[in-house]
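Enquirer: So here's coords09.cif (mmCIF, C-alpha atoms).
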data_input
#
loop_
_atom_site.label_atom_id
_atom_site.label_comp_id
_atom_site.auth_asym_id
_atom_site.auth_seq_id
_atom_site.Cartn_x
_atom_site.Cartn_y
_atom_site.Cartn_z
CA MET A 1 119.88 102.53 95.55
CA ARG A 2 119.65 98.75 95.68
CA SER A 3 120.67 98.64 99.36
CA VAL A 4 117.95 101.18 100.18
CA THR A 5 115.37 99.01 98.40
CA ILE A 6 116.58 95.92 100.24
CA ARG A 7 116.44 97.80 103.56
CA MET A 8 112.88 99.00 102.82
CA ILE A 9 111.70 95.49 101.97
CA ALA A 10 113.39 94.07 105.06
CA LEU A 11 111.89 96.80 107.25
CA VAL A 12 108.39 96.15 106.00
CA ALA A 13 108.79 92.35 106.18
CA LEU A 14 110.13 92.48 109.73
CA THR A 15 107.76 95.07 111.13
CA ALA A 16 104.43 94.07 109.60
CA PRO A 17 103.85 91.06 111.91
CA LEU A 18 104.79 93.14 114.95
CA ILE A 19 102.11 95.75 114.31
CA ALA A 20 99.38 93.52 115.70
CA PHE A 21 101.37 92.87 118.88
CA ALA A 22 102.97 96.22 119.58
CA GLN A 23 100.18 98.75 119.27
CA GLN A 24 102.26 101.55 120.77
CA SER A 25 105.41 100.98 118.69
CA PRO A 26 106.54 103.73 116.29
CA VAL A 27 105.60 101.50 113.35
CA ALA A 28 102.09 100.91 114.72
CA GLN A 29 101.66 104.62 115.39
CA ALA A 30 102.78 105.40 111.84
CA VAL A 31 100.29 102.89 110.40
CA GLN A 32 97.47 104.26 112.55
CA SER A 33 98.20 107.83 111.49
CA THR A 34 98.42 107.00 107.79
CA PRO A 35 95.56 108.49 105.81
CA LEU A 36 93.11 106.26 103.97
CA THR A 37 93.72 107.06 100.31
CA LYS A 38 92.07 104.22 98.41
CA VAL A 39 89.80 101.25 99.02
CA LEU A 40 90.42 97.78 97.62
CA ALA A 41 87.06 96.20 96.75
CA ILE A 42 87.10 92.45 96.19
CA GLY A 43 83.84 91.24 94.69
CA HIS A 44 82.54 87.71 94.54
CA LEU A 45 79.31 86.24 93.21
CA VAL A 46 76.91 85.12 95.92
CA SER A 47 75.01 82.72 93.68
CA PRO A 48 75.84 81.21 90.31
CA PRO A 49 74.65 83.20 87.29
CA SER A 50 71.62 81.85 85.46
CA GLY A 51 68.98 82.81 82.93
CA ASN A 52 68.10 85.91 80.99
CA SER A 53 67.70 88.06 84.10
CA PHE A 54 71.41 87.68 84.80
CA SER A 55 72.25 88.66 81.23
CA SER A 56 70.15 91.83 81.41
CA THR A 57 71.57 92.64 84.84
CA MET A 58 75.09 92.28 83.42
CA ASP A 59 74.31 94.82 80.70
CA SER A 60 73.39 97.36 83.38
CA GLU A 61 76.33 96.30 85.54
CA VAL A 62 78.83 96.97 82.78
CA ARG A 63 77.32 100.39 81.96
CA ASP A 64 77.24 101.46 85.63
CA THR A 65 80.79 100.22 86.23
CA VAL A 66 82.07 102.13 83.19
CA ARG A 67 80.28 105.24 84.49
CA LEU A 68 82.08 104.89 87.84
CA TYR A 69 85.38 104.53 86.00
CA LEU A 70 84.75 107.57 83.80
CA ALA A 71 83.74 109.58 86.89
CA GLY A 72 87.15 108.76 88.42
CA LYS A 73 85.69 106.63 91.21
CA ILE A 74 87.31 103.39 89.99
CA ASP A 75 91.06 103.79 89.57
CA GLN A 76 91.82 100.21 88.49
CA TRP A 77 89.70 97.16 87.75
CA TYR A 78 90.54 93.52 87.34
CA VAL A 79 88.84 90.19 86.90
CA ARG A 80 89.51 87.56 89.55
CA LYS A 81 91.39 84.54 88.27
CA ASP A 82 90.61 82.31 91.27
CA GLN A 83 86.80 82.57 91.07
CA ASN A 84 84.05 84.61 89.42
CA GLY A 85 84.29 88.20 90.53
CA VAL A 86 86.10 91.49 90.20
CA VAL A 87 88.65 93.59 92.05
CA PHE A 88 88.42 97.38 92.04
CA VAL A 89 90.80 99.96 93.43
CA LEU A 90 88.47 102.80 94.37
CA ASN A 91 89.44 106.47 94.57
CA THR A 92 87.80 107.25 97.87
CA THR A 93 88.91 108.18 101.36
CA SER A 94 86.13 106.45 103.28
CA LEU A 95 84.64 102.99 103.54
CA GLU A 96 81.19 104.57 103.72
CA ASP A 97 81.68 106.16 100.30
CA ALA A 98 82.95 102.85 98.91
CA HIS A 99 79.83 101.08 100.21
CA ARG A 100 77.62 103.76 98.69
CA LEU A 101 79.30 103.44 95.28
CA LEU A 102 79.22 99.65 95.17
CA ASP A 103 75.75 99.22 96.67
CA GLY A 104 74.41 101.09 93.63
CA LEU A 105 75.67 98.47 91.20
CA PRO A 106 72.97 96.19 89.74
CA LEU A 107 74.58 92.89 90.79
CA VAL A 108 74.82 94.10 94.39
CA LYS A 109 71.24 95.41 94.32
CA ALA A 110 70.08 92.01 93.03
CA ASN A 111 71.99 90.27 95.86
CA LEU A 112 74.13 88.44 93.31
CA MET A 113 77.47 89.99 94.31
CA GLN A 114 79.11 91.08 97.54
CA PHE A 115 82.27 93.09 98.12
CA ASP A 116 84.92 92.81 100.80
CA LEU A 117 86.41 96.26 101.39
CA ILE A 118 89.97 96.88 102.53
CA PRO A 119 91.11 100.42 103.39
CA LEU A 120 94.50 101.32 101.90
CA GLY A 121 97.03 104.03 102.62
CA PRO A 122 100.67 104.88 101.97
CA LEU A 123 103.28 102.40 103.18
CA SER A 124 103.89 104.29 106.41
CA PRO A 125 106.81 102.22 107.82
CA LEU A 126 108.91 103.72 105.04
CA GLY A 127 108.77 106.99 106.98
CA LEU A 128 111.07 105.42 109.55
CA LEU A 129 113.81 105.47 106.92
CA LEU A 130 113.52 109.25 106.69
CA LYS A 131 114.26 110.03 110.33
CA ASP A 132 118.04 109.87 109.84
CA THR A 133 118.05 111.25 106.30
CA PRO A 134 117.55 114.95 105.59
CA SER A 135 114.82 115.77 103.09
CA PRO A 136 115.93 116.83 99.57
CA ALA A 137 114.69 120.38 100.31
CA ALA A 138 116.84 120.59 103.45
CA GLN A 139 119.94 119.45 101.51
CA THR A 140 119.63 122.27 98.97
CA GLU A 141 119.42 125.04 101.57
#
Please, can you express the file's structure as structure tokens?
Expert:
Amino acid sequence: MRSVTIRMIALVALTAPLIAFAQQSPVAQAVQSTPLTKVLAIGHLVSPPSGNSFSSTMDSEVRDTVRLYLAGKIDQWYVRKDQNGVVFVLNTTSLEDAHRLLDGLPLVKANLMQFDLIPLGPLSPLGLLLKDTPSPAAQTE
């Protein structure tokens, strides 16, 4: 099991830089065909917080964020340790939907926060390990 893990890490480490240069390689094709399953949203404050208006906006921000979490739209949420801001892992399969969800938050509406969105999907280069290995279902037949 440990050698498989080491091979997977090595495969990913060695192939990731090549993806940008070898657009037609099997690894690049696997990455391109991987479905978008989540969106990483990295939020940062645009201007420093100040005054009572920020405090009242934060009350609404917290309520609306909790509503998104309870609706299953936010899978995970974190505070940034490097600067003021948040990081959300969104349960969505499109960047457009992620924009729609986040643009409704009070801090974004007030132009106090912006989000960088990163589409995420399964680690597709791992599929290359399966080409020589029969699936568990095939082994039981």
Enquirer: With the PyMOL selection byres ((chain A and resi 78) around 10) as the selection, what would be picked from this file? Answer as a list in words, please.
Expert: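 Selected by the PyMOL selection byres ((chain A and resi 78) around 10) here: Ile42, Gln76, Trp77, Val79, Arg80, Lys81, Gly85, Val86, Val87, Phe88 and Val89 of chain A.
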Enquirer: May I ask for the distance between atom CA of Asp75 of chain A and atom CA of Lys38 of chain A, given in Å to one decimal place?
Expert: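 So the answer is 8.9 Å.
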Enquirer: Just give me the gap between atom CA of Tyr69 of chain A and atom CA of Ser124 of chain A in Å, one decimal is fine.
Expert: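 Interatomic distance, atom CA of Tyr69 of chain A to atom CA of Ser124 of chain A: 27.6 Å.
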Enquirer: Find the distance between atom CA of Leu36 of chain A and atom CA of Gln83 of chain A and write it in Å to one decimal.
Expert: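 Here the two named atoms are 27.7 Å from each other.
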Enquirer: Translate the PyMOL selection byres ((chain A and resi 109) around 12) into a concrete residue list for this structure, as a PyMOL selection string.
Expert: chain A and resi 46+57-58+60-61+99-108+110-115
Enquirer: List the neighbours of Ala98 of chain A out to 8 Å using all atoms listed in the file; skip same-chain residues closer than 4 positions along the sequence, and give me the result as a list in words.
Expert: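 Listing them by chain and then by number gives Val39, Leu90, Thr92, Ser94, Leu102 and Leu117 of chain A.
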Enquirer: Return the single residue from A:Gly72, A:Pro119, A:Gly127, A:Gly43 that is closest to Thr93 of chain A, with distances computed using only C-alpha atoms.
Expert: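 Between A:Gly72, A:Pro119, A:Gly127, A:Gly43, the residue approaching Thr93 of chain A most closely is A:Pro119.
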